[in-house]
file target04.pdb (PDB, C-alpha atoms, pLDDT in the B column)
ATOM      1  CA  MET A  17       0.000   0.000   0.000  1.00 51.00           C
ATOM      2  CA  GLY A  18       2.915   2.382   0.768  1.00 51.00           C
ATOM      3  CA  ASP A  19       4.358   1.834  -2.740  1.00 52.00           C
ATOM      4  CA  HIS A  20       1.037   2.845  -4.264  1.00 54.00           C
ATOM      5  CA  LYS A  21       1.158   6.288  -2.595  1.00 56.00           C
ATOM      6  CA  LEU A  22       4.761   6.798  -3.732  1.00 58.00           C
ATOM      7  CA  LEU A  23       3.731   6.022  -7.302  1.00 57.00           C
ATOM      8  CA  ASP A  24       0.857   8.517  -7.057  1.00 66.00           C
ATOM      9  CA  THR A  25       3.177  11.233  -5.743  1.00 64.00           C
ATOM     10  CA  THR A  26       5.688  10.536  -8.510  1.00 63.00           C
ATOM     11  CA  GLN A  27       2.961  10.733 -11.119  1.00 65.00           C
ATOM     12  CA  ILE A  28       1.767  14.044  -9.721  1.00 69.00           C
ATOM     13  CA  VAL A  29       5.291  15.506  -9.690  1.00 65.00           C
ATOM     14  CA  ASN A  30       5.882  14.300 -13.254  1.00 64.00           C
ATOM     15  CA  GLY A  31       2.552  15.757 -14.353  1.00 61.00           C
ATOM     16  CA  ILE A  32       3.407  19.121 -12.841  1.00 71.00           C
ATOM     17  CA  ALA A  33       6.811  19.053 -14.557  1.00 65.00           C
ATOM     18  CA  VAL A  34       5.175  18.302 -17.919  1.00 65.00           C
ATOM     19  CA  LEU A  35       2.639  21.108 -17.474  1.00 65.00           C
ATOM     20  CA  LEU A  36       5.330  23.563 -16.405  1.00 63.00           C
ATOM     21  CA  SER A  37       7.484  22.594 -19.376  1.00 61.00           C
ATOM     22  CA  PHE A  38       4.539  23.061 -21.708  1.00 62.00           C
ATOM     23  CA  PHE A  39       3.760  26.488 -20.254  1.00 62.00           C
ATOM     24  CA  VAL A  40       7.362  27.707 -20.507  1.00 64.00           C
ATOM     25  CA  GLY A  41       7.634  26.383 -24.070  1.00 64.00           C
ATOM     26  CA  TYR A  42       4.331  27.995 -25.010  1.00 62.00           C
ATOM     27  CA  LYS A  43       5.396  31.400 -23.618  1.00 67.00           C
ATOM     28  CA  TYR A  44       8.736  31.059 -25.437  1.00 64.00           C
ATOM     29  CA  ALA A  45       6.971  30.274 -28.715  1.00 63.00           C
ATOM     30  CA  LEU A  46       4.614  33.249 -28.313  1.00 67.00           C
ATOM     31  CA  LYS A  47       7.509  35.592 -27.589  1.00 69.00           C
ATOM     32  CA  ARG A  48       9.511  34.198 -30.514  1.00 67.00           C
ATOM     33  CA  GLN A  49       6.557  34.692 -32.888  1.00 68.00           C
ATOM     34  CA  GLU A  50       5.998  38.232 -31.597  1.00 70.00           C
ATOM     35  CA  LEU A  51       9.657  39.124 -32.128  1.00 69.00           C
ATOM     36  CA  LYS A  52       9.610  37.562 -35.597  1.00 65.00           C
ATOM     37  CA  GLU A  53       6.586  39.691 -36.526  1.00 67.00           C
ATOM     38  CA  GLN A  54       8.277  42.814 -35.144  1.00 67.00           C
ATOM     39  CA  THR A  55      11.441  41.972 -37.071  1.00 62.00           C
ATOM     40  CA  ASP A  56       9.457  41.406 -40.268  1.00 63.00           C
ATOM     41  CA  ASN A  57       7.616  44.718 -39.805  1.00 62.00           C
ATOM     42  CA  ASN A  58      10.836  46.597 -39.055  1.00 57.00           C
ATOM     43  CA  SER A  59      12.534  44.982 -42.045  1.00 55.00           C
ATOM     44  CA  LYS A  60       9.670  46.042 -44.322  1.00 54.00           C
ATOM     45  CA  LYS A  61       9.809  49.605 -42.997  1.00 51.00           C
ATOM     46  CA  THR A  62      13.582  49.727 -43.516  1.00 47.00           C
ATOM     47  CA  ASP A  63      13.244  48.368 -47.046  1.00 48.00           C
ATOM     48  CA  GLU A  64      10.535  50.904 -47.845  1.00 46.00           C
ATOM     49  CA  ALA A  65      12.629  53.742 -46.435  1.00 45.00           C
ATOM     50  CA  LYS A  66      15.601  52.681 -48.552  1.00 42.00           C
ATOM     51  CA  GLY A  67      13.433  52.206 -51.623  1.00 44.00           C
ATOM     52  CA  ALA A  68      14.421  48.541 -51.831  1.00 38.00           C
ATOM     53  CA  VAL A  69      12.175  45.836 -53.230  1.00 37.00           C
ATOM     54  CA  GLY A  70      12.842  42.924 -50.856  1.00 38.00           C
ATOM     55  CA  GLY A  71      16.140  41.434 -49.816  1.00 40.00           C
ATOM     56  CA  GLY A  72      17.875  42.822 -46.767  1.00 40.00           C
ATOM     57  CA  GLY A  73      19.685  41.003 -43.995  1.00 42.00           C
ATOM     58  CA  SER A  74      17.968  38.656 -41.597  1.00 42.00           C
ATOM     59  CA  THR A  75      17.763  39.579 -37.929  1.00 45.00           C
ATOM     60  CA  ASN A  76      18.670  37.102 -35.211  1.00 48.00           C
ATOM     61  CA  VAL A  77      15.292  36.536 -33.520  1.00 48.00           C
ATOM     62  CA  SER A  78      16.815  34.314 -30.803  1.00 46.00           C
ATOM     63  CA  ALA A  79      19.193  37.080 -29.734  1.00 44.00           C
ATOM     64  CA  LYS A  80      16.315  39.574 -29.521  1.00 48.00           C
ATOM     65  CA  LEU A  81      14.247  37.042 -27.572  1.00 47.00           C
ATOM     66  CA  PHE A  82      17.023  36.552 -25.033  1.00 45.00           C
ATOM     67  CA  ALA A  83      17.551  40.308 -24.770  1.00 45.00           C
ATOM     68  CA  SER A  84      13.849  40.875 -24.082  1.00 47.00           C
ATOM     69  CA  PHE A  85      13.920  38.400 -21.190  1.00 49.00           C
ATOM     70  CA  SER A  86      17.106  39.880 -19.710  1.00 47.00           C
ATOM     71  CA  HIS A  87      15.948  43.488 -20.079  1.00 71.00           C
ATOM     72  CA  ASN A  88      14.579  45.339 -17.045  1.00 92.00           C
ATOM     73  CA  TYR A  89      11.170  46.978 -17.032  1.00 96.00           C
ATOM     74  CA  LYS A  90       9.340  49.041 -14.455  1.00 96.00           C
ATOM     75  CA  MET A  91       6.527  51.424 -13.704  1.00 97.00           C
ATOM     76  CA  VAL A  92       7.088  54.545 -11.643  1.00 97.00           C
ATOM     77  CA  LEU A  93       4.504  56.295  -9.512  1.00 98.00           C
ATOM     78  CA  LEU A  94       5.205  59.988  -8.973  1.00 98.00           C
ATOM     79  CA  VAL A  95       3.569  61.196  -5.763  1.00 97.00           C
ATOM     80  CA  ARG A  96       3.053  64.865  -4.960  1.00 97.00           C
ATOM     81  CA  ASN A  97       4.903  65.555  -1.724  1.00 96.00           C
ATOM     82  CA  ASP A  98       3.387  69.027  -1.321  1.00 96.00           C
ATOM     83  CA  LEU A  99      -0.107  67.630  -0.678  1.00 96.00           C
ATOM     84  CA  LYS A 100       1.035  66.029   2.604  1.00 94.00           C
ATOM     85  CA  MET A 101      -1.171  62.965   2.073  1.00 95.00           C
ATOM     86  CA  GLY A 102      -1.219  60.269   4.743  1.00 93.00           C
ATOM     87  CA  LYS A 103       0.385  56.882   4.077  1.00 94.00           C
ATOM     88  CA  GLY A 104      -2.949  55.185   3.441  1.00 93.00           C
ATOM     89  CA  LYS A 105      -4.019  57.928   1.039  1.00 94.00           C
ATOM     90  CA  ILE A 106      -0.714  57.651  -0.847  1.00 95.00           C
ATOM     91  CA  ALA A 107      -1.105  53.871  -1.054  1.00 95.00           C
ATOM     92  CA  ALA A 108      -4.636  54.192  -2.449  1.00 94.00           C
ATOM     93  CA  GLN A 109      -3.631  56.845  -4.989  1.00 95.00           C
ATOM     94  CA  CYS A 110      -0.632  54.762  -6.119  1.00 96.00           C
ATOM     95  CA  GLY A 111      -2.951  51.789  -6.499  1.00 96.00           C
ATOM     96  CA  HIS A 112      -5.232  53.857  -8.740  1.00 96.00           C
ATOM     97  CA  GLY A 113      -2.221  54.986 -10.762  1.00 97.00           C
ATOM     98  CA  ALA A 114      -0.778  51.494 -11.211  1.00 97.00           C
ATOM     99  CA  VAL A 115      -4.117  50.017 -12.276  1.00 97.00           C
ATOM    100  CA  GLY A 116      -4.875  52.918 -14.619  1.00 97.00           C
ATOM    101  CA  ALA A 117      -1.451  52.771 -16.287  1.00 97.00           C
ATOM    102  CA  TYR A 118      -1.706  49.000 -16.638  1.00 97.00           C
ATOM    103  CA  GLN A 119      -5.155  49.209 -18.248  1.00 97.00           C
ATOM    104  CA  LYS A 120      -3.952  51.805 -20.773  1.00 97.00           C
ATOM    105  CA  ALA A 121      -0.743  49.905 -21.523  1.00 97.00           C
ATOM    106  CA  VAL A 122      -2.555  46.611 -22.141  1.00 96.00           C
ATOM    107  CA  HIS A 123      -4.213  48.267 -25.158  1.00 95.00           C
ATOM    108  CA  ARG A 124      -1.383  50.560 -26.280  1.00 96.00           C
ATOM    109  CA  THR A 125       1.774  48.490 -25.672  1.00 95.00           C
ATOM    110  CA  PRO A 126       0.831  44.872 -24.945  1.00 95.00           C
ATOM    111  CA  SER A 127       4.335  43.555 -25.677  1.00 92.00           C
ATOM    112  CA  LEU A 128       5.828  45.907 -23.053  1.00 93.00           C
ATOM    113  CA  VAL A 129       3.191  44.801 -20.551  1.00 95.00           C
ATOM    114  CA  ARG A 130       4.098  41.135 -21.154  1.00 94.00           C
ATOM    115  CA  ALA A 131       7.817  41.902 -20.806  1.00 93.00           C
ATOM    116  CA  TRP A 132       7.135  43.809 -17.567  1.00 94.00           C
ATOM    117  CA  GLU A 133       4.993  40.942 -16.252  1.00 93.00           C
ATOM    118  CA  ASN A 134       7.707  38.426 -17.171  1.00 91.00           C
ATOM    119  CA  THR A 135      10.304  40.402 -15.210  1.00 91.00           C
ATOM    120  CA  GLY A 136       8.376  40.845 -11.957  1.00 92.00           C
ATOM    121  CA  CYS A 137       6.106  43.892 -12.419  1.00 94.00           C
ATOM    122  CA  ALA A 138       8.505  46.300 -10.702  1.00 95.00           C
ATOM    123  CA  LYS A 139       6.903  49.478  -9.372  1.00 96.00           C
ATOM    124  CA  VAL A 140       8.811  52.352  -7.774  1.00 96.00           C
ATOM    125  CA  ALA A 141       7.279  55.275  -5.865  1.00 96.00           C
ATOM    126  CA  LEU A 142       9.077  58.601  -6.304  1.00 97.00           C
ATOM    127  CA  LYS A 143       8.285  62.041  -4.954  1.00 97.00           C
ATOM    128  CA  VAL A 144       7.724  65.292  -6.792  1.00 98.00           C
ATOM    129  CA  GLU A 145       7.415  68.621  -5.003  1.00 97.00           C
ATOM    130  CA  SER A 146       4.604  70.287  -6.973  1.00 97.00           C
ATOM    131  CA  GLU A 147       1.852  69.916  -9.522  1.00 97.00           C
ATOM    132  CA  ALA A 148       3.942  71.922 -11.999  1.00 98.00           C
ATOM    133  CA  GLU A 149       6.865  69.495 -11.671  1.00 98.00           C
ATOM    134  CA  MET A 150       4.517  66.523 -12.093  1.00 98.00           C
ATOM    135  CA  MET A 151       2.963  67.984 -15.247  1.00 98.00           C
ATOM    136  CA  ALA A 152       6.379  68.799 -16.741  1.00 98.00           C
ATOM    137  CA  LEU A 153       7.409  65.173 -16.196  1.00 98.00           C
ATOM    138  CA  LYS A 154       4.143  63.996 -17.761  1.00 98.00           C
ATOM    139  CA  ARG A 155       4.877  66.042 -20.893  1.00 98.00           C
ATOM    140  CA  ALA A 156       8.472  64.758 -21.002  1.00 98.00           C
ATOM    141  CA  ALA A 157       7.326  61.139 -20.661  1.00 98.00           C
ATOM    142  CA  GLU A 158       4.698  61.505 -23.368  1.00 97.00           C
ATOM    143  CA  ALA A 159       7.229  63.197 -25.677  1.00 98.00           C
ATOM    144  CA  LYS A 160       9.326  60.017 -25.374  1.00 97.00           C
ATOM    145  CA  GLY A 161       6.286  57.874 -26.178  1.00 97.00           C
ATOM    146  CA  LEU A 162       5.900  56.505 -22.646  1.00 97.00           C
ATOM    147  CA  ASN A 163       2.539  55.431 -21.275  1.00 97.00           C
ATOM    148  CA  THR A 164       1.177  57.742 -18.550  1.00 98.00           C
ATOM    149  CA  CYS A 165      -1.828  57.852 -16.250  1.00 98.00           C
ATOM    150  CA  LEU A 166      -2.640  60.935 -14.183  1.00 98.00           C
ATOM    151  CA  ILE A 167      -4.766  60.414 -11.072  1.00 97.00           C
ATOM    152  CA  ARG A 168      -7.088  63.131  -9.796  1.00 97.00           C
ATOM    153  CA  ASP A 169      -8.630  62.722  -6.368  1.00 93.00           C
ATOM    154  CA  ALA A 170     -12.370  62.933  -5.780  1.00 90.00           C
ATOM    155  CA  GLY A 171     -11.739  65.047  -2.666  1.00 87.00           C
ATOM    156  CA  ARG A 172     -13.852  63.040  -0.238  1.00 89.00           C
ATOM    157  CA  THR A 173     -11.201  62.690   2.472  1.00 87.00           C
ATOM    158  CA  GLN A 174      -7.889  64.546   2.912  1.00 86.00           C
ATOM    159  CA  ILE A 175      -7.417  66.823  -0.074  1.00 91.00           C
ATOM    160  CA  GLU A 176      -9.282  69.177  -2.378  1.00 92.00           C
ATOM    161  CA  PRO A 177     -11.455  67.696  -5.152  1.00 93.00           C
ATOM    162  CA  ASN A 178      -9.770  67.277  -8.539  1.00 95.00           C
ATOM    163  CA  SER A 179      -6.244  67.478  -7.046  1.00 96.00           C
ATOM    164  CA  LYS A 180      -3.615  65.757  -9.189  1.00 97.00           C
ATOM    165  CA  THR A 181      -2.113  63.278  -6.742  1.00 97.00           C
ATOM    166  CA  VAL A 182      -0.141  60.630  -8.659  1.00 98.00           C
ATOM    167  CA  LEU A 183       1.339  60.238 -12.120  1.00 98.00           C
ATOM    168  CA  ALA A 184       2.100  56.679 -13.227  1.00 98.00           C
ATOM    169  CA  ILE A 185       4.629  56.227 -16.034  1.00 98.00           C
ATOM    170  CA  GLY A 186       5.118  52.876 -17.740  1.00 97.00           C
ATOM    171  CA  PRO A 187       5.447  50.022 -17.752  1.00 97.00           C
ATOM    172  CA  ALA A 188       8.490  50.482 -19.986  1.00 96.00           C
ATOM    173  CA  ALA A 189      12.206  49.790 -20.146  1.00 95.00           C
ATOM    174  CA  VAL A 190      14.059  51.054 -17.084  1.00 95.00           C
ATOM    175  CA  GLU A 191      16.420  53.111 -19.263  1.00 95.00           C
ATOM    176  CA  ALA A 192      13.547  54.908 -21.006  1.00 96.00           C
ATOM    177  CA  ILE A 193      11.799  55.794 -17.753  1.00 97.00           C
ATOM    178  CA  ASP A 194      15.044  56.830 -16.051  1.00 96.00           C
ATOM    179  CA  GLN A 195      15.665  59.372 -18.822  1.00 97.00           C
ATOM    180  CA  VAL A 196      12.595  61.199 -17.501  1.00 98.00           C
ATOM    181  CA  THR A 197      12.564  60.372 -13.779  1.00 97.00           C
ATOM    182  CA  GLY A 198      16.108  59.246 -12.922  1.00 96.00           C
ATOM    183  CA  HIS A 199      16.801  62.408 -10.909  1.00 97.00           C
ATOM    184  CA  LEU A 200      13.852  61.942  -8.523  1.00 97.00           C
ATOM    185  CA  LYS A 201      14.156  60.582  -4.978  1.00 97.00           C
ATOM    186  CA  LEU A 202      12.313  57.602  -3.532  1.00 95.00           C
ATOM    187  CA  LEU A 203       9.155  58.391  -1.612  1.00 92.00           C
TER     188      LEU A 203
END
call {"tool": "encode", "arguments": {"input": "target04.pdb", "output": "structure tokens"}}
result
Amino acid sequence: MGDHKLLDTTQIVNGIAVLLSFFVGYKYALKRQELKEQTDNNSKKTDEAKGAVGGGGSTNVSAKLFASFSHNYKMVLLVRNDLKMGKGKIAAQCGHGAVGAYQKAVHRTPSLVRAWENTGCAKVALKVESEAEMMALKRAAEAKGLNTCLIRDAGRTQIEPNSKTVLAIGPAAVEAIDQVTGHLKLL
């Protein structure tokens, strides 16, 4: 009877290993196909820009795939320090910002969202000292093509209605976001 339980446990472990292997392989195949499509589209655009009719060098899709998995991605949440919000209020506003930015990015940049999800969904809270500074950073981020989500508070608790509390930027490559927010301090 004891051998029977050992066999069942072994079967379960093997089944989990097979399912995990399938999932990893499936995600790899999806990413490889996505990169191949991006490469094909970029190659077509390059050919059109050069006035060529076909040809062109082939791009190493495996190298791009590896690079996308080793690349770092993040989302930053810029919190207005001048509003003197409590910790709970800041947490709630950052939550609104993260969800809002994610929802926008899923439609606008799904491949960046997947890359961010595959690398741990990093989120960093930074402080800004004024609404003017926050809005300047919003314009700078949008000029670089980064996803943004500005949160305005309803004004039911600690602060005035329609106050701009948090600006979420990303998810995107760490380097791209740091070009806009790299000088800011942690909250």
call {"tool": "closest_residue", "arguments": {"input": "target04.pdb", "among": "A:Ala189, A:Ala107, A:Leu183, A:Leu99", "to": "Val129 in chain A", "atoms": "only C-alpha atoms"}}
result
A:Ala189
call {"tool": "residues_around", "arguments": {"input": "target04.pdb", "residues": "Ala184 in chain A", "least_positions_apart": "2", "cutoff": "12 Å", "atoms": "all atoms listed in the file", "output": "PyMOL selection string"}}
result
chain A and resi 90-96+109-121+139-143+150-151+153-154+157-158+162-168+180-182+186-188+193+197
call {"tool": "atom_distance", "arguments": {"input": "target04.pdb", "atom1": "CA of Pro126 in chain A", "atom2": "CA of Glu191 in chain A"}}
result
18.5 Å
call {"tool": "residues_around", "arguments": {"input": "target04.pdb", "residues": "Thr135 in chain A", "least_positions_apart": "3", "cutoff": "7 Å", "atoms": "all atoms listed in the file", "output": "PyMOL selection string"}}
result
chain A and resi 88-89+131-132
call {"tool": "atom_distance", "arguments": {"input": "target04.pdb", "atom1": "CA of Ser179 in chain A", "atom2": "CA of Asp98 in chain A"}}
result
11.3 Å
call {"tool": "atom_distance", "arguments": {"input": "target04.pdb", "atom1": "CA of Val196 in chain A", "atom2": "CA of Ala159 in chain A"}}
result
10.0 Å
call {"tool": "axis_aligned_box", "arguments": {"input": "target04.pdb", "around": "range 127-135 of chain A", "padding_each_side": "3 Å", "output": "lines of an AutoDock Vina configuration file"}}
result
center_x = 6.7
center_y = 42.2
center_z = -20.4
size_x = 13.1
size_y = 13.5
size_z = 16.5
call {"tool": "closest_residue", "arguments": {"input": "target04.pdb", "among": "A:Ser146, A:Asn178, A:Gln195, A:Thr173", "to": "Asn97 in chain A", "atoms": "only C-alpha atoms"}}
result
A:Ser146
